[in-house]
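S.K.: Compact mmCIF, C-alpha atoms, saved as run-v5.txt, coming up:
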```txt
# COMPACT_ATOMS: atom_id res chain seq x y z
CA MET A 347 3.32 3.90 20.28
CA ASN A 348 3.10 6.97 18.09
CA ALA A 349 5.87 8.32 15.94
CA SER A 350 8.25 10.75 17.56
CA ARG A 351 7.14 14.32 16.99
CA ASP A 352 10.83 15.20 16.53
CA ALA A 353 10.89 13.10 13.36
CA ARG A 354 9.39 14.50 10.18
CA LEU A 355 6.26 12.69 9.06
CA ASP A 356 6.54 11.32 5.53
CA VAL A 357 3.32 12.27 3.74
CA GLY A 358 2.29 10.23 0.73
CA VAL A 359 -0.65 9.54 -1.54
CA MET A 360 -1.79 6.14 -2.84
CA PHE A 361 -3.25 5.63 -6.31
CA SER A 362 -5.06 2.50 -7.51
CA PHE A 363 -5.84 3.35 -11.18
CA ARG A 364 -9.39 2.01 -10.78
CA ASN A 365 -12.23 2.61 -13.20
CA PRO A 366 -15.56 1.48 -11.66
CA ALA A 367 -18.53 0.83 -13.91
CA ALA A 368 -20.60 3.61 -12.30
CA TRP A 369 -18.05 6.21 -13.45
CA ARG A 370 -16.49 4.31 -16.36
CA ARG A 371 -14.16 6.22 -18.67
CA SER A 372 -11.48 5.19 -21.11
CA PHE A 373 -8.64 3.45 -19.29
CA VAL A 374 -6.30 5.56 -21.41
CA ASP A 375 -7.78 8.65 -19.75
CA VAL A 376 -7.72 7.09 -16.27
CA TYR A 377 -4.04 6.17 -16.50
CA ARG A 378 -3.13 9.55 -18.00
CA ASP A 379 -4.97 11.42 -15.25
CA GLU A 380 -3.60 9.33 -12.36
CA ILE A 381 -0.02 9.74 -13.57
CA ALA A 382 -0.64 13.49 -13.93
CA LEU A 383 -1.95 13.55 -10.35
CA ALA A 384 1.22 11.79 -9.20
CA GLU A 385 3.27 14.51 -10.91
CA HIS A 386 1.12 17.17 -9.26
CA ALA A 387 1.55 15.51 -5.87
CA GLU A 388 5.32 15.78 -6.23
CA ALA A 389 4.99 19.46 -7.14
CA LEU A 390 2.78 20.02 -4.08
CA GLY A 391 5.43 18.56 -1.78
CA TYR A 392 4.20 15.01 -1.10
CA ASP A 393 7.04 12.69 -0.15
CA THR A 394 5.92 9.33 -1.53
CA ILE A 395 3.66 7.98 -4.25
CA TRP A 396 2.24 4.61 -3.15
CA LEU A 397 0.89 2.06 -5.62
CA THR A 398 -1.44 -0.82 -4.80
CA GLU A 399 -2.08 -4.09 -6.63
CA HIS A 400 -4.91 -6.54 -7.30
CA HIS A 401 -5.84 -8.70 -10.27
CA PHE A 402 -8.90 -9.59 -12.36
CA ALA A 403 -11.00 -6.84 -10.74
CA ASP A 404 -14.05 -5.49 -12.55
CA ASP A 405 -12.85 -1.93 -11.98
CA GLY A 406 -9.33 -2.61 -13.27
CA TYR A 407 -7.68 -2.26 -9.85
CA SER A 408 -4.05 -1.70 -10.89
CA PRO A 409 -2.59 -5.09 -11.84
CA SER A 410 0.82 -4.02 -13.22
CA LEU A 411 2.69 -2.01 -10.61
CA VAL A 412 6.23 -2.20 -11.94
CA THR A 413 5.01 -0.76 -15.25
CA LEU A 414 3.13 2.03 -13.49
CA ALA A 415 6.07 2.78 -11.21
CA GLY A 416 8.36 3.05 -14.23
CA ALA A 417 6.01 5.54 -15.86
CA ILE A 418 5.84 7.64 -12.70
CA ALA A 419 9.60 7.44 -12.16
CA ALA A 420 10.14 8.79 -15.67
CA ARG A 421 7.82 11.74 -15.00
CA THR A 422 9.12 12.70 -11.53
CA GLU A 423 12.46 13.63 -9.99
CA ARG A 424 12.24 13.72 -6.19
CA VAL A 425 9.24 11.83 -4.87
CA ARG A 426 9.76 8.25 -3.65
CA ILE A 427 7.69 5.46 -5.21
CA GLY A 428 6.47 2.71 -2.91
CA PHE A 429 4.42 -0.46 -3.29
CA ASN A 430 1.52 -1.04 -0.91
CA LEU A 431 1.79 -3.76 -1.97
CA LEU A 432 3.10 -6.32 -4.49
CA LEU A 433 1.49 -9.75 -4.10
CA LEU A 434 4.73 -11.71 -3.96
CA PRO A 435 3.33 -15.29 -4.22
CA LEU A 436 1.92 -14.44 -7.65
CA TYR A 437 5.36 -13.55 -9.04
CA ASP A 438 8.50 -15.34 -10.05
CA ALA A 439 10.78 -13.84 -7.37
CA VAL A 440 13.89 -13.97 -9.56
CA ARG A 441 12.20 -12.01 -12.34
CA LEU A 442 10.70 -9.56 -9.83
CA ALA A 443 14.09 -8.97 -8.19
CA GLU A 444 15.54 -8.10 -11.61
CA ASP A 445 12.63 -5.84 -12.53
CA LEU A 446 12.78 -3.95 -9.24
CA ALA A 447 16.54 -3.54 -9.49
CA ALA A 448 16.08 -2.01 -12.95
CA LEU A 449 13.29 0.20 -11.58
CA ASP A 450 15.57 1.40 -8.78
CA VAL A 451 18.12 2.34 -11.44
CA ILE A 452 15.53 4.14 -13.59
CA SER A 453 14.29 6.13 -10.57
CA GLY A 454 17.76 6.95 -9.27
CA GLY A 455 17.20 4.98 -6.06
CA ARG A 456 13.67 6.10 -5.14
CA ILE A 457 11.90 2.73 -4.73
CA ASP A 458 10.34 1.29 -1.56
CA VAL A 459 9.47 -2.40 -1.96
CA GLY A 460 6.29 -3.41 -0.13
CA LEU A 461 5.27 -7.06 -0.29
CA GLY A 462 2.34 -9.15 0.93
CA GLN A 463 0.93 -12.66 0.73
CA GLY A 464 -2.46 -11.92 -0.82
CA TYR A 465 -5.72 -13.54 0.19
CA ALA A 466 -8.26 -13.37 -2.67
CA PRO A 467 -8.95 -16.87 -4.06
CA HIS A 468 -9.79 -15.63 -7.56
CA GLU A 469 -6.34 -14.08 -7.96
CA PHE A 470 -4.49 -17.30 -7.16
CA ALA A 471 -6.86 -19.26 -9.38
CA GLY A 472 -6.24 -16.85 -12.25
CA PHE A 473 -2.49 -17.38 -11.98
CA GLY A 474 -2.85 -21.14 -11.56
CA ILE A 475 -1.24 -21.04 -8.11
CA ASP A 476 -2.53 -23.07 -5.18
CA LEU A 477 -3.71 -20.73 -2.43
CA ALA A 478 -2.30 -23.20 0.11
CA ASP A 479 1.21 -22.45 -1.24
CA ARG A 480 1.03 -18.71 -0.66
CA LEU A 481 2.96 -18.63 2.64
CA GLY A 482 5.71 -20.91 1.35
CA ARG A 483 6.02 -18.92 -1.87
CA PHE A 484 6.08 -15.70 0.13
CA ARG A 485 8.82 -16.83 2.52
CA GLU A 486 10.99 -18.33 -0.18
CA GLY A 487 10.36 -15.40 -2.50
CA LEU A 488 11.65 -13.02 0.17
CA ASP A 489 14.77 -15.13 0.65
CA VAL A 490 15.42 -15.20 -3.09
CA MET A 491 14.92 -11.47 -3.65
CA GLN A 492 17.07 -10.45 -0.70
CA GLY A 493 19.77 -12.93 -1.70
CA LEU A 494 19.91 -11.72 -5.28
CA TRP A 495 20.11 -8.09 -4.18
CA THR A 496 22.78 -8.55 -1.52
CA GLU A 497 25.03 -11.43 -2.67
CA ASP A 498 27.46 -11.38 -5.58
CA SER A 499 26.50 -14.94 -6.54
CA PHE A 500 23.32 -16.46 -5.16
CA SER A 501 22.09 -20.04 -4.92
CA TYR A 502 18.98 -21.39 -3.26
CA ASP A 503 17.37 -24.81 -2.88
CA GLY A 504 13.77 -24.66 -1.66
CA LYS A 505 10.39 -26.18 -2.40
CA HIS A 506 9.26 -23.41 -4.75
CA TYR A 507 12.61 -21.95 -5.91
CA ARG A 508 15.83 -23.52 -7.05
CA VAL A 509 18.47 -21.01 -8.05
CA LYS A 510 22.09 -21.75 -8.95
CA ASP A 511 24.87 -19.17 -9.14
CA ALA A 512 22.64 -16.29 -10.20
CA ARG A 513 24.29 -12.90 -10.52
CA LEU A 514 22.11 -9.81 -10.64
CA CYS A 515 23.24 -7.02 -12.95
CA PRO A 516 22.47 -4.18 -12.70
CA ARG A 517 22.18 -4.14 -8.93
CA PRO A 518 19.82 -1.74 -7.14
CA VAL A 519 21.08 1.80 -6.63
CA GLN A 520 20.09 1.61 -2.96
CA GLN A 521 22.57 -0.55 -1.10
CA PRO A 522 22.53 -3.16 0.14
CA MET A 523 18.94 -3.21 -1.19
CA PRO A 524 15.82 -1.03 -1.47
CA PRO A 525 13.87 -0.58 1.78
CA LEU A 526 11.71 -3.65 2.44
CA TRP A 527 8.16 -3.28 3.73
CA ILE A 528 5.70 -6.05 4.55
CA GLY A 529 1.92 -5.63 4.63
CA ALA A 530 -0.02 -7.82 7.02
CA THR A 531 -3.51 -7.96 8.53
CA SER A 532 -3.17 -10.87 10.98
CA PRO A 533 -1.01 -11.35 14.11
CA PRO A 534 1.15 -14.14 12.61
CA ALA A 535 1.85 -12.14 9.47
CA VAL A 536 2.63 -8.98 11.42
CA ARG A 537 4.98 -10.89 13.70
CA ARG A 538 6.70 -12.28 10.61
CA ALA A 539 7.36 -8.72 9.40
CA GLY A 540 8.85 -7.83 12.77
CA ARG A 541 11.10 -10.90 12.87
CA ARG A 542 12.40 -10.04 9.40
CA GLY A 543 13.26 -6.52 10.49
CA ALA A 544 11.07 -5.19 7.68
CA HIS A 545 9.11 -1.97 7.81
CA LEU A 546 5.34 -2.30 8.28
CA LEU A 547 2.51 -1.37 5.92
CA GLY A 548 -0.31 -0.81 8.40
CA LEU A 549 -3.95 0.14 8.72
CA ALA A 550 -3.84 1.99 12.06
CA ASN A 551 -4.63 -1.15 14.09
CA GLU A 552 -3.28 -0.82 17.64
CA ALA A 553 -3.31 -4.55 18.41
CA LEU A 554 -1.39 -5.46 15.25
CA GLN A 555 1.03 -2.60 15.86
CA HIS A 556 1.81 -4.05 19.30
CA GLU A 557 2.43 -7.51 17.83
CA TYR A 558 4.83 -6.03 15.27
CA GLU A 559 6.80 -4.08 17.86
CA GLN A 560 7.14 -7.08 20.18
CA ALA A 561 8.33 -9.38 17.38
CA ARG A 562 10.79 -6.81 16.07
CA ALA A 563 12.29 -6.25 19.52
CA ALA A 564 12.49 -10.01 20.22
CA ALA A 565 14.43 -10.48 16.97
CA GLY A 566 16.96 -7.86 18.04
CA TYR A 567 15.89 -5.04 15.76
CA SER A 568 15.68 -1.49 17.07
CA LEU A 569 12.24 0.07 17.07
CA ASP A 570 13.89 3.41 16.42
CA ASP A 571 14.78 2.19 12.94
CA ALA A 572 11.29 0.91 12.15
CA LYS A 573 9.22 2.71 9.55
CA VAL A 574 5.46 2.24 9.78
CA LEU A 575 2.98 3.37 7.14
CA GLN A 576 -0.61 4.01 8.14
CA LEU A 577 -3.09 4.24 5.26
CA HIS A 578 -6.22 6.39 5.56
CA TRP A 579 -8.86 6.66 2.85
CA THR A 580 -9.17 10.43 2.61
CA HIS A 581 -11.09 13.24 0.97
CA VAL A 582 -10.94 16.92 1.94
CA ALA A 583 -13.50 19.55 0.92
CA GLU A 584 -14.66 22.92 2.21
CA ASP A 585 -16.94 21.27 4.79
CA ASP A 586 -17.92 17.83 6.04
CA ASP A 587 -21.18 17.59 4.08
CA SER A 588 -19.44 18.43 0.81
CA ALA A 589 -16.68 15.90 1.44
CA TRP A 590 -19.15 13.08 2.12
CA GLY A 591 -21.32 14.14 -0.81
CA GLN A 592 -18.35 13.94 -3.16
CA ALA A 593 -16.67 10.81 -1.76
CA GLY A 594 -19.42 8.68 -0.19
CA ALA A 595 -20.47 6.66 -3.23
CA HIS A 596 -16.86 6.04 -4.25
CA PHE A 597 -16.01 4.84 -0.76
CA HIS A 598 -19.05 2.56 -0.79
CA HIS A 599 -17.72 0.98 -3.99
CA LEU A 600 -14.29 0.54 -2.38
CA LEU A 601 -15.75 -1.15 0.71
CA SER A 602 -18.01 -3.40 -1.35
CA VAL A 603 -15.15 -4.71 -3.48
CA TYR A 604 -12.90 -5.43 -0.49
CA ALA A 605 -15.78 -7.05 1.38
CA GLY A 606 -16.47 -9.36 -1.55
CA TRP A 607 -12.85 -10.51 -1.69
CA LEU A 608 -12.58 -10.98 2.06
CA ASN A 609 -15.86 -12.87 2.23
CA ALA A 610 -14.67 -15.18 -0.53
CA ALA A 611 -11.52 -15.81 1.48
CA ALA A 612 -13.64 -16.46 4.58
CA ALA A 613 -15.77 -18.97 2.69
CA GLY A 614 -12.59 -20.87 1.94
CA GLY A 615 -11.56 -20.83 5.58
CA ASP A 616 -8.79 -18.29 5.08
CA THR A 617 -10.24 -15.59 7.35
CA ALA A 618 -12.35 -15.80 10.44
CA PHE A 619 -14.70 -12.89 9.87
CA GLU A 620 -17.38 -11.75 7.48
CA CYS A 621 -17.54 -8.21 6.14
CA LYS A 622 -20.83 -6.40 5.77
CA VAL A 623 -21.24 -3.05 4.04
CA PRO A 624 -24.17 -0.84 5.06
CA PRO A 625 -26.29 0.93 2.44
CA LEU A 626 -24.81 4.11 1.04
CA ALA A 627 -27.36 6.22 2.93
CA ASP A 628 -26.12 4.78 6.25
CA LEU A 629 -22.42 4.86 5.50
CA ARG A 630 -21.60 8.18 7.17
CA THR A 631 -23.21 7.28 10.49
CA SER A 632 -22.03 3.68 10.68
CA GLY A 633 -19.38 2.96 13.28
CA ASP A 634 -18.82 -0.58 12.07
CA LEU A 635 -16.91 -0.28 8.79
CA LEU A 636 -13.99 -2.28 7.44
CA PHE A 637 -12.09 1.03 7.18
CA GLN A 638 -12.96 4.28 8.93
CA PRO A 639 -12.41 7.09 6.41
CA ALA A 640 -10.97 10.56 6.93
CA PHE A 641 -13.56 12.68 5.10
CA GLY A 642 -14.44 16.29 5.87
CA SER A 643 -13.17 19.80 6.18
CA PRO A 644 -9.45 20.32 6.84
CA GLU A 645 -10.21 20.66 10.54
CA THR A 646 -12.23 17.45 10.66
CA VAL A 647 -9.66 15.41 8.73
CA ALA A 648 -6.84 16.75 10.90
CA ASP A 649 -8.74 15.73 14.05
CA ILE A 650 -9.27 12.20 12.69
CA LEU A 651 -5.60 11.84 11.80
CA HIS A 652 -4.43 13.31 15.09
CA ALA A 653 -6.30 10.55 16.92
CA SER A 654 -4.61 7.93 14.75
CA LEU A 655 -1.15 9.44 15.18
CA ALA A 656 -1.62 9.39 18.95
CA ALA A 657 -2.68 5.74 18.94
CA VAL A 658 -0.21 3.99 16.62
CA ARG A 659 3.37 4.48 15.53
CA THR A 660 3.32 6.41 12.25
CA THR A 661 6.43 7.46 10.38
CA HIS A 662 4.66 7.45 7.00
CA LEU A 663 1.12 8.65 6.38
CA ALA A 664 -0.69 7.67 3.17
CA TYR A 665 -3.70 9.49 1.76
CA GLY A 666 -5.74 6.87 -0.12
CA THR A 667 -7.59 8.29 -3.13
CA MET A 668 -11.16 7.35 -4.06
CA PRO A 669 -11.80 5.01 -7.02
CA GLY A 670 -13.66 6.62 -9.91
CA MET A 671 -13.61 10.15 -8.50
CA ASP A 672 -13.44 13.10 -10.90
CA PRO A 673 -9.70 13.89 -11.18
CA ALA A 674 -10.45 17.58 -10.62
CA LEU A 675 -11.99 16.78 -7.21
CA THR A 676 -9.06 14.54 -6.27
CA ARG A 677 -6.64 17.26 -7.33
CA ARG A 678 -8.38 19.88 -5.18
CA SER A 679 -8.51 17.53 -2.22
CA LEU A 680 -4.78 16.78 -2.52
CA GLU A 681 -4.11 20.51 -2.53
CA ARG A 682 -6.26 21.10 0.56
CA PHE A 683 -4.68 18.16 2.36
CA ILE A 684 -1.07 19.30 1.93
CA ALA A 685 -1.84 22.98 2.52
CA ASP A 686 -4.49 22.88 5.24
CA VAL A 687 -4.35 19.44 6.94
CA VAL A 688 -0.67 18.51 7.16
CA PRO A 689 0.38 21.74 8.96
CA ARG A 690 -2.20 20.90 11.65
CA LEU A 691 -0.53 17.53 12.30
CA SER A 692 2.80 18.94 13.53
```
How does the structure come out when it is put into structure tokens?
M.R.:
Amino acid sequence: MNASRDARLDVGVMFSFRNPAAWRRSFVDVYRDEIALAEHAEALGYDTIWLTEHHFADDGYSPSLVTLAGAIAARTERVRIGFNLLLLPLYDAVRLAEDLAALDVISGGRIDVGLGQGYAPHEFAGFGIDLADRLGRFREGLDVMQGLWTEDSFSYDGKHYRVKDARLCPRPVQQPMPPLWIGATSPPAVRRAGRRGAHLLGLANEALQHEYEQARAAAGYSLDDAKVLQLHWTHVAEDDDSAWGQAGAHFHHLLSVYAGWLNAAAAGGDTAFECKVPPLADLRTSGDLLFQPAFGSPETVADILHASLAAVRTTHLAYGTMPGMDPALTRRSLERFIADVVPRLS
């Protein structure tokens, strides 16, 4: 089910603050440039800045999202700031609830809280958390955060959390709490998001979208109120060849890193599939990729996104930036996207 064409599409851009070895620069410069791009995106008219989290990555994949969101909130005035996503089992949920409440205050109520379970074994090992506990920590963490945000005095007695008479102050600006999103890549996890009445962080997967809608309806939540983000790795240039020439190697790096993490999870029995990444020379013509990118001229990118909008419910569209790309190229692509692609999507 696609988003209603009567509703305005929320257009966002996702930054990952990555610094791959092939294009390595000072992290000081990377962070400065990404935050400047977020400012520029607001000036261009983007609706949401999305931030994404991983840990212990060789390219520095952004590990500290609340810090980054605070920096962006201080440098912007209108744009919303969303998480796609925070790996909740790796956090103390009480501390995270406090930090996000403070962030909502700093931003004047512009925060969207996206949460997920995580899957990469090395991340759980690095935090000293048993991967087998991730679902329990996720469920209980959600209960704790929602309780702290919505109840004057909150207590909880679970396996992973024991809280007694906790009072959150300051409370979030957005009442009763900031919008809650859940990211999921399996049917059980997507159904869990629907049963919770949470919004969905998606990847334009029709089957998972159907599972989410069914679970949401069965739990008594209106689909009309559901927000669904679809993320597309994107780069816009004057023509298709230029776009692929500029973005191809960066996208190959992105795919290779994700494939490594997913394959490690598969080796541990956590996923049922193995990811293979074709050589860079074959990337453009391969129809069997973990993610299908939206690279090309404005016309080509609009056609790709039109097909996605027709296939899956989309209230929020996220342009995923390329790791390690020259900031000047990313800046020009963002300008082309908002000026020449988005008007074609209405």
S.K.: Write out as a ChimeraX atom specification the residues lying within 10 Å of Pro533 of chain A, counting all atoms listed in the file and excluding same-chain residues fewer than 6 positions away.
M.R.: /A:539,553-558
S.K.: What does the structure give for the distance between atom CA of Val623 of chain A and atom CA of Gly591 of chain A, in Å to one decimal?
M.R.: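 According to the coordinates, atom CA of Val623 of chain A and atom CA of Gly591 of chain A are separated by 17.9 Å.
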S.K.: I'd like the contact shell of Asp585 of chain A - 9 Å cut-off, only C-alpha atoms, skipping same-chain residues fewer than 5 positions apart - returned as a list in words.
M.R.: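 Those residues are Trp590, Gly642, Ser643, Pro644, Glu645 and Thr646 of chain A.
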S.K.: Give me the residues within 7 Å of Leu494 of chain A as a CSV table (one decimal) with C-alpha atoms, in the frame of the given file, counting only C-alpha atoms and dropping any in the same chain fewer than 3 places off.
M.R.:
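selection_1.csv written:
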```csv
chain,number,residue,atom,x,y,z
A,490,VAL,CA,15.4,-15.2,-3.1
A,491,MET,CA,14.9,-11.5,-3.6
A,497,GLU,CA,25.0,-11.4,-2.7
A,500,PHE,CA,23.3,-16.5,-5.2
A,513,ARG,CA,24.3,-12.9,-10.5
A,514,LEU,CA,22.1,-9.8,-10.6
```
S.K.: Quick one: residues within 12 Å of (-15.4, 5.6, 9.7) (file frame), counting all atoms listed in the file, please, as a count of residues only.
M.R.: 28
S.K.: By how many Å are atom CA of His662 of chain A and atom CA of Val574 of chain A apart?
M.R.: 6.0 Å
S.K.: Skipping near chain neighbours, those fewer than 5 positions away, what residues fall within 9 Å of Asp479 of chain A using only C-alpha atoms, listed as a list in words?
M.R.: Pro435, Phe484 and His506 of chain A
